[in-house]
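So the structure is just underneath, and the comments pick up after that.
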Amino acid sequence: MRSLFAVAALLSVLLLAGCAARPLQPDTGIDWDRRAGMLATEPAWQARGRIAFKAGKDGGSGSMTWAQAGDEARITLSGPFGAGAYEIEWDDERIVVNSKKGEQVAAYTGRDAADRFLEAQLGWSFPARSIRYWLLGVADPEFASERRFDDDGWLAGIEQNGWAVAYSRFDTAGDYYMPGKVVIENDRARVKMVVDRWIF
């Protein structure tokens with residue numbers, strides 16, 4: 001059960017390559033709506049980074065690779081979660097969790113599969129589907145949201161479904177400025193993600 005909690009920690013989070021430092025003179029003319037639309041049409045991307053998760057007395061940290069191709073995601077988690085390594089296959093209709101030995105640990109089907117999996121492991125609801133968007137620095141288009149910007153015009157945060165998503169760094173990756181550090185939290189949990197590499 002402890003190992004499944006660690007896997008749930010990965011999904012309750014969920015990053016990408018060749019990042020350069022944010023310029024000293026920020027481009028305050030970024031059209032954030034246009035950026036969101038362009039990212040929505042990207043056929044595939046990959047995020048490589050580290051995550052830390054805290055919920056009450058439970059928590060952990062480790063490395064993560066997230067490969068997204070259309071609606072299908074393949075997520076690998078490893079590190080000192082106390083859970084070894086896991087590979088998660090996830091799309092709009094199912095989620096399958098395999099151990100590093102290739103043994104199936106859990107499987108759920110249906111559009112809300114990821115949400116039900118997380119609720120079963122954590123004991124409370126987490127908007128799993130929204131993570132795919134939040135990691136990109138984009139609000140989930142299915143729900144109402146509010147965005148905050150800093151004095152230089154950079155996206156500072158998104159408020160959505162009772163969760164606060166904070167961005168404290170953007171790096172260049174391909175044609176985009178992408179999040180380098182993301183924190184997702186509410187009164188129950190806090191997830192911190194540092195992106196080492198974005199690949200498009």
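Numbering starts fresh at 1 for the residues of each chain in the structure tokens, the chains themselves are lettered A, B, ... in the order given, and ligands are numbered from 1 as they appear.
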
Exercise. As an MDAnalysis selection string, which residues of segment 38-171 of chain A does DSSP assign to strand (DSSP E or B)?
Worked result: chainID A and resid 44:55 58:69 72:78 86:91 94:99 104:109 146:149 155:160 163:171

Let me see the file: selected residues, C-alpha atoms, as a compact mmCIF listing (two decimals), in the first residue's frame.
```txt
# COMPACT_ATOMS: atom_id res chain seq x y z
CA ALA A 44 4.31 15.20 -28.33
CA TRP A 45 6.51 16.41 -25.51
CA GLN A 46 8.66 14.99 -22.75
CA ALA A 47 9.44 16.30 -19.29
CA ARG A 48 12.34 15.13 -17.13
CA GLY A 49 12.69 16.36 -13.61
CA ARG A 50 12.28 15.84 -9.90
CA ILE A 51 9.29 15.96 -7.60
CA ALA A 52 8.63 16.19 -3.88
CA PHE A 53 5.27 15.39 -2.32
CA LYS A 54 3.87 16.16 1.12
CA ALA A 55 0.43 15.32 2.53
CA ASP A 58 3.24 11.19 4.29
CA GLY A 59 5.57 12.36 1.57
CA GLY A 60 8.63 11.63 -0.49
CA SER A 61 10.76 12.75 -3.40
CA GLY A 62 12.25 11.26 -6.52
CA SER A 63 12.89 11.61 -10.23
CA MET A 64 10.27 11.58 -12.96
CA THR A 65 10.04 11.32 -16.72
CA TRP A 66 6.74 12.19 -18.40
CA ALA A 67 6.33 11.43 -22.12
CA GLN A 68 3.10 12.73 -23.69
CA ALA A 69 1.94 11.77 -27.20
CA GLU A 72 -1.45 9.06 -24.18
CA ALA A 73 1.11 9.49 -21.41
CA ARG A 74 3.90 7.22 -20.19
CA ILE A 75 5.25 8.28 -16.82
CA THR A 76 8.24 6.78 -15.06
CA LEU A 77 8.90 7.36 -11.37
CA SER A 78 11.97 6.28 -9.45
CA TYR A 86 7.16 2.39 -11.54
CA GLU A 87 5.88 2.99 -15.04
CA ILE A 88 2.43 4.44 -15.56
CA GLU A 89 0.50 4.21 -18.82
CA TRP A 90 -2.33 6.72 -18.89
CA ASP A 91 -4.86 7.98 -21.44
CA ARG A 94 -7.50 3.92 -18.58
CA ILE A 95 -4.54 3.94 -16.25
CA VAL A 96 -2.16 1.01 -15.76
CA VAL A 97 0.66 0.98 -13.19
CA ASN A 98 3.54 -1.49 -13.62
CA SER A 99 6.48 -2.19 -11.33
CA GLN A 104 0.95 -4.90 -13.02
CA VAL A 105 0.33 -3.08 -9.73
CA ALA A 106 -3.01 -1.42 -10.50
CA ALA A 107 -5.40 -0.80 -13.39
CA TYR A 108 -8.50 1.38 -13.75
CA THR A 109 -10.68 2.09 -16.78
CA GLU A 146 -7.86 32.64 -12.62
CA ARG A 147 -4.31 33.55 -13.63
CA ARG A 148 -1.86 35.80 -11.81
CA PHE A 149 1.10 37.60 -13.37
CA LEU A 155 2.77 33.92 -15.31
CA ALA A 156 2.97 33.65 -11.52
CA GLY A 157 0.11 31.30 -10.79
CA ILE A 158 -3.17 29.62 -11.66
CA GLU A 159 -6.13 29.15 -9.29
CA GLN A 160 -8.38 26.28 -10.33
CA TRP A 163 -5.87 24.29 -6.02
CA ALA A 164 -3.17 26.94 -6.27
CA VAL A 165 -0.47 26.41 -8.91
CA ALA A 166 2.59 28.67 -8.53
CA TYR A 167 5.36 29.26 -11.07
CA SER A 168 8.63 30.79 -9.90
CA ARG A 169 10.84 30.25 -12.96
CA PHE A 170 10.48 29.92 -16.73
CA ASP A 171 13.20 28.57 -19.05
```

For this session: Write down as a PyMOL selection string the residues belonging to segment 85-170 of chain A that are assigned alpha helix (DSSP H) by DSSP computed on the backbone.
Result: chain A and resi 113-122+128-136

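Relative to atom CA of Asp115 of chain A, atom CA of Pro127 of chain A is found at 6.3 Å.
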
For this session: Provide the atom CA of Ala113 of chain A to atom CA of Arg188 of chain A distance in Å, to one decimal place.
Result: 21.3 Å
